[in-house]
Amino acid sequence: MNFLNFETRLFVYMGMFGSGKTELAINTAIELRKHSSHVALVDIDVISPYFRSRDERDFLKTKGIEVIAPPGVLSHADLPIITAQMGGYISNPNYFTVADVGGNEDGATVLGSVKQFLDSTDKTVFFVVNTLRPFSTTIDEIAKNVQKLSEMGKVKIDYLVCNTNIGVETSNEDIQKGEEIVGKVSEYLEIPVAFTAVKNEINYSGKFPIFRLKRYLVNLW
């Protein structure tokens, strides 16, 4: 997938906890690096202590991607720490920047705290949906989540992303059912679906464009 087609330079991923935002953010940054030498990943996920872009800082540095997160001992603090550097990259016109936002209401609230930077730049906001996660299994649940987090994050959701999966056990049928649900949410909210995220090892072609993901995050348990 060529993310340059979105004609934006700031890609914001938000959604509910466990929807897969961080994996998408990392893959998007790596994809953008194919087109530009100036790519940054801004980690403002203060919700999940297990899956954070900042934990892949060294690996991403080898790919030529700058990871912007709280420095030093603060990098693993479960606190809403937003540095001036983060805001600077969000509004920097010379960079393609990917923002990895924490899940649920708390993550959206932190996003809202950088509204002054978001308002000054050309951005695209993606709401990631995994229909196999709790509280994201029905059209009504997902629609309410989108509306609630959009309001709390003080941003307009531009696209939905179907990221239905249960890890290595994901089947083509799971993804197809996820697309059906997300498609109906799209119709209800009048928000288009940008793509369906599918792991590289799964041979799937559905109703939406496909973004093939490589898995970089590993369970810690």
# chains A, B, ... in the order shown; residues from 1 in each chain; ligands from 1

call {"tool": "residues_around", "arguments": {"residues": "segment 136-146 of chain A", "least_positions_apart": "2", "cutoff": "10 Å", "atoms": "only C-alpha atoms", "output": "PyMOL selection string"}}
result
chain A and resi 14-17+19+104-105+127-134+148-151+156-157+160+164+178+180-186+188-189

call {"tool": "write_last_selection", "arguments": {"atoms": "N, CA and C atoms", "output": "CSV table (one decimal), in the first residue's frame"}}
result
chain,number,residue,atom,x,y,z
A,14,MET,N,-5.8,5.8,16.2
A,14,MET,CA,-6.4,5.8,17.5
A,14,MET,C,-7.5,4.6,17.5
A,15,GLY,N,-8.0,4.3,18.6
A,15,GLY,CA,-9.0,3.2,18.7
A,15,GLY,C,-9.0,2.7,20.1
A,16,MET,N,-9.7,1.5,20.3
A,16,MET,CA,-9.9,0.9,21.6
A,16,MET,C,-8.6,0.1,22.0
A,17,PHE,N,-8.5,-0.2,23.2
A,17,PHE,CA,-7.4,-0.9,23.7
A,17,PHE,C,-7.4,-2.3,23.0
A,19,SER,N,-6.7,-2.9,19.9
A,19,SER,CA,-7.2,-2.9,18.5
A,19,SER,C,-6.1,-3.1,17.5
A,104,ASN,N,-8.7,3.6,24.2
A,104,ASN,CA,-9.9,4.0,25.0
A,104,ASN,C,-9.9,5.5,25.3
A,105,GLU,N,-10.7,5.9,26.3
A,105,GLU,CA,-10.9,7.3,26.6
A,105,GLU,C,-9.7,8.0,27.0
A,127,PHE,N,-9.3,5.3,12.7
A,127,PHE,CA,-9.8,4.6,13.8
A,127,PHE,C,-9.7,3.1,13.6
A,128,VAL,N,-8.9,2.4,14.4
A,128,VAL,CA,-8.6,1.0,14.1
A,128,VAL,C,-9.7,0.2,14.9
A,129,VAL,N,-10.2,-0.8,14.2
A,129,VAL,CA,-11.2,-1.7,14.8
A,129,VAL,C,-10.8,-3.1,14.6
A,130,ASN,N,-10.8,-3.8,15.8
A,130,ASN,CA,-10.7,-5.3,15.8
A,130,ASN,C,-12.0,-5.8,16.4
A,131,THR,N,-12.8,-6.4,15.5
A,131,THR,CA,-14.1,-6.8,15.9
A,131,THR,C,-14.1,-8.1,16.7
A,132,LEU,N,-12.9,-8.6,17.0
A,132,LEU,CA,-12.8,-9.8,17.9
A,132,LEU,C,-12.3,-9.4,19.3
A,133,ARG,N,-12.3,-8.1,19.5
A,133,ARG,CA,-11.9,-7.6,20.9
A,133,ARG,C,-13.2,-7.2,21.6
A,134,PRO,N,-13.2,-7.3,23.0
A,134,PRO,CA,-14.3,-6.9,23.8
A,134,PRO,C,-14.8,-5.5,23.5
A,148,LYS,N,-17.4,8.6,20.6
A,148,LYS,CA,-16.9,9.0,22.0
A,148,LYS,C,-15.4,9.4,21.9
A,149,LEU,N,-14.6,8.6,21.2
A,149,LEU,CA,-13.2,8.9,21.2
A,149,LEU,C,-12.9,10.1,20.3
A,150,SER,N,-13.7,10.3,19.3
A,150,SER,CA,-13.5,11.5,18.4
A,150,SER,C,-13.8,12.7,19.2
A,151,GLU,N,-14.8,12.7,20.1
A,151,GLU,CA,-15.2,13.8,20.9
A,151,GLU,C,-14.1,14.1,21.9
A,156,LYS,N,-11.6,14.9,14.2
A,156,LYS,CA,-12.5,14.2,13.2
A,156,LYS,C,-11.9,12.9,12.8
A,157,ILE,N,-12.6,11.8,12.8
A,157,ILE,CA,-12.1,10.6,12.3
A,157,ILE,C,-12.3,10.6,10.8
A,160,LEU,N,-11.9,4.6,8.8
A,160,LEU,CA,-11.9,3.4,9.7
A,160,LEU,C,-10.9,2.4,9.1
A,164,THR,N,-9.4,-6.8,12.1
A,164,THR,CA,-9.9,-8.0,12.8
A,164,THR,C,-8.9,-9.1,12.8
A,178,GLY,N,-15.2,-9.5,9.9
A,178,GLY,CA,-14.8,-8.2,10.4
A,178,GLY,C,-15.1,-7.1,9.4
A,180,GLU,N,-17.3,-7.2,7.1
A,180,GLU,CA,-18.8,-7.0,7.0
A,180,GLU,C,-19.3,-6.0,8.1
A,181,ILE,N,-18.8,-6.2,9.3
A,181,ILE,CA,-19.2,-5.4,10.4
A,181,ILE,C,-18.7,-3.9,10.2
A,182,VAL,N,-17.4,-3.8,9.9
A,182,VAL,CA,-16.8,-2.5,9.8
A,182,VAL,C,-17.4,-1.7,8.6
A,183,GLY,N,-17.8,-2.5,7.5
A,183,GLY,CA,-18.4,-1.9,6.4
A,183,GLY,C,-19.8,-1.3,6.8
A,184,LYS,N,-20.5,-2.0,7.6
A,184,LYS,CA,-21.8,-1.4,8.1
A,184,LYS,C,-21.6,-0.2,9.0
A,185,VAL,N,-20.6,-0.3,9.8
A,185,VAL,CA,-20.3,0.9,10.6
A,185,VAL,C,-20.0,2.1,9.7
A,186,SER,N,-19.2,1.8,8.7
A,186,SER,CA,-18.8,2.9,7.7
A,186,SER,C,-20.1,3.5,7.1
A,188,TYR,N,-23.1,3.5,8.4
A,188,TYR,CA,-23.9,4.2,9.4
A,188,TYR,C,-23.3,5.6,9.8
A,189,LEU,N,-22.0,5.6,9.9
A,189,LEU,CA,-21.3,6.9,10.4
A,189,LEU,C,-20.9,7.7,9.2

call {"tool": "select_by_dssp", "arguments": {"residues": "segment 5-221 of chain A", "states": "alpha helix (DSSP H)", "output": "MDAnalysis selection string"}}
result
chainID A and resid 21:33 57:62 84:90 104:112 115:118 139:153 172:189

call {"tool": "write_last_selection", "arguments": {"atoms": "C-alpha atoms", "output": "compact mmCIF listing (two decimals), in the first residue's frame"}}
result
# COMPACT_ATOMS: atom_id res chain seq x y z
CA LYS A 21 -2.78 0.51 16.68
CA THR A 22 0.88 0.12 17.60
CA GLU A 23 1.58 -2.65 15.09
CA LEU A 24 -0.13 -0.57 12.42
CA ALA A 25 1.83 2.54 13.39
CA ILE A 26 5.16 0.71 13.14
CA ASN A 27 4.29 -0.87 9.79
CA THR A 28 3.08 2.47 8.43
CA ALA A 29 6.28 4.23 9.45
CA ILE A 30 8.36 1.52 7.75
CA GLU A 31 6.24 1.80 4.61
CA LEU A 32 6.63 5.60 4.55
CA ARG A 33 10.40 5.23 4.94
CA ARG A 57 13.10 2.39 19.32
CA ASP A 58 16.44 0.70 18.61
CA PHE A 59 15.01 -1.47 15.84
CA LEU A 60 13.25 1.46 14.17
CA LYS A 61 16.42 3.52 14.37
CA THR A 62 18.14 0.90 12.22
CA ALA A 84 7.57 19.80 23.33
CA GLN A 85 9.59 17.60 20.98
CA MET A 86 6.50 15.47 20.28
CA GLY A 87 4.49 18.52 19.35
CA GLY A 88 7.34 19.77 17.20
CA TYR A 89 7.40 16.61 15.08
CA ILE A 90 3.61 16.55 14.79
CA ASN A 104 -9.87 3.97 25.02
CA GLU A 105 -10.94 7.28 26.58
CA ASP A 106 -7.68 8.00 28.39
CA GLY A 107 -5.64 7.74 25.21
CA ALA A 108 -8.04 9.98 23.31
CA THR A 109 -7.87 12.58 26.09
CA VAL A 110 -4.07 12.71 25.77
CA LEU A 111 -4.46 13.21 22.02
CA GLY A 112 -6.74 16.14 22.74
CA LYS A 115 -4.80 19.80 19.69
CA GLN A 116 -2.87 23.02 19.05
CA PHE A 117 -0.25 21.04 17.11
CA LEU A 118 -2.81 18.87 15.29
CA ILE A 139 -22.09 -2.13 14.91
CA ASP A 140 -23.59 -0.22 17.83
CA GLU A 141 -20.56 -0.74 20.10
CA ILE A 142 -18.09 0.33 17.44
CA ALA A 143 -20.10 3.36 16.36
CA LYS A 144 -20.37 4.57 19.96
CA ASN A 145 -16.62 4.07 20.44
CA VAL A 146 -15.81 6.08 17.33
CA GLN A 147 -18.08 8.94 18.33
CA LYS A 148 -16.90 8.97 21.95
CA LEU A 149 -13.16 8.89 21.20
CA SER A 150 -13.53 11.45 18.42
CA GLU A 151 -15.16 13.82 20.88
CA MET A 152 -12.64 13.20 23.66
CA GLY A 153 -9.67 13.43 21.28
CA ASN A 172 -9.97 -15.75 6.43
CA GLU A 173 -13.51 -16.14 7.75
CA ASP A 174 -12.65 -13.98 10.78
CA ILE A 175 -11.37 -11.20 8.52
CA GLN A 176 -14.35 -11.44 6.18
CA LYS A 177 -16.81 -11.14 9.06
CA GLY A 178 -14.82 -8.21 10.40
CA GLU A 179 -15.03 -6.45 7.05
CA GLU A 180 -18.79 -6.96 6.98
CA ILE A 181 -19.21 -5.35 10.40
CA VAL A 182 -16.79 -2.47 9.75
CA GLY A 183 -18.44 -1.89 6.38
CA LYS A 184 -21.82 -1.45 8.07
CA VAL A 185 -20.30 0.92 10.63
CA SER A 186 -18.84 2.88 7.72
CA GLU A 187 -22.26 3.21 6.13
CA TYR A 188 -23.89 4.20 9.42
CA LEU A 189 -21.30 6.85 10.37

call {"tool": "atom_distance", "arguments": {"atom1": "atom CA of Phe208 of chain A", "atom2": "atom CA of Phe135 of chain A"}}
result
23.0 Å

call {"tool": "select_by_dssp", "arguments": {"residues": "segment 1-201 of chain A", "states": "strand (DSSP E or B)", "output": "PyMOL selection string"}}
result
chain A and resi 10-15+39-44+65-68+96-101+123-129+159-162+166+168+193-199

call {"tool": "closest_residue", "arguments": {"among": "A:Val98, A:Asn92, A:Asp122, A:Phe3", "to": "Ala194 of chain A", "atoms": "only C-alpha atoms"}}
result
A:Phe3

call {"tool": "residues_around", "arguments": {"residues": "Phe11 of chain A", "least_positions_apart": "2", "cutoff": "9 Å", "atoms": "only C-alpha atoms", "output": "count of residues only"}}
result
14

call {"tool": "residues_around", "arguments": {"residues": "Val67 of chain A", "least_positions_apart": "3", "cutoff": "6 Å", "atoms": "only C-alpha atoms", "output": "list in words"}}
result
Ala40, Leu41, Val42 and Arg57 of chain A

call {"tool": "write_last_selection", "arguments": {"atoms": "C-alpha atoms", "output": "CSV table (one decimal), in the first residue's frame"}}
result
chain,number,residue,atom,x,y,z
A,40,ALA,CA,9.2,9.9,12.7
A,41,LEU,CA,6.9,7.8,14.9
A,42,VAL,CA,5.5,9.8,17.9
A,57,ARG,CA,13.1,2.4,19.3

call {"tool": "closest_residue", "arguments": {"among": "A:Leu10, A:Phe195, A:Glu66, A:Leu217", "to": "Ser120 of chain A", "atoms": "only C-alpha atoms"}}
result
A:Leu10
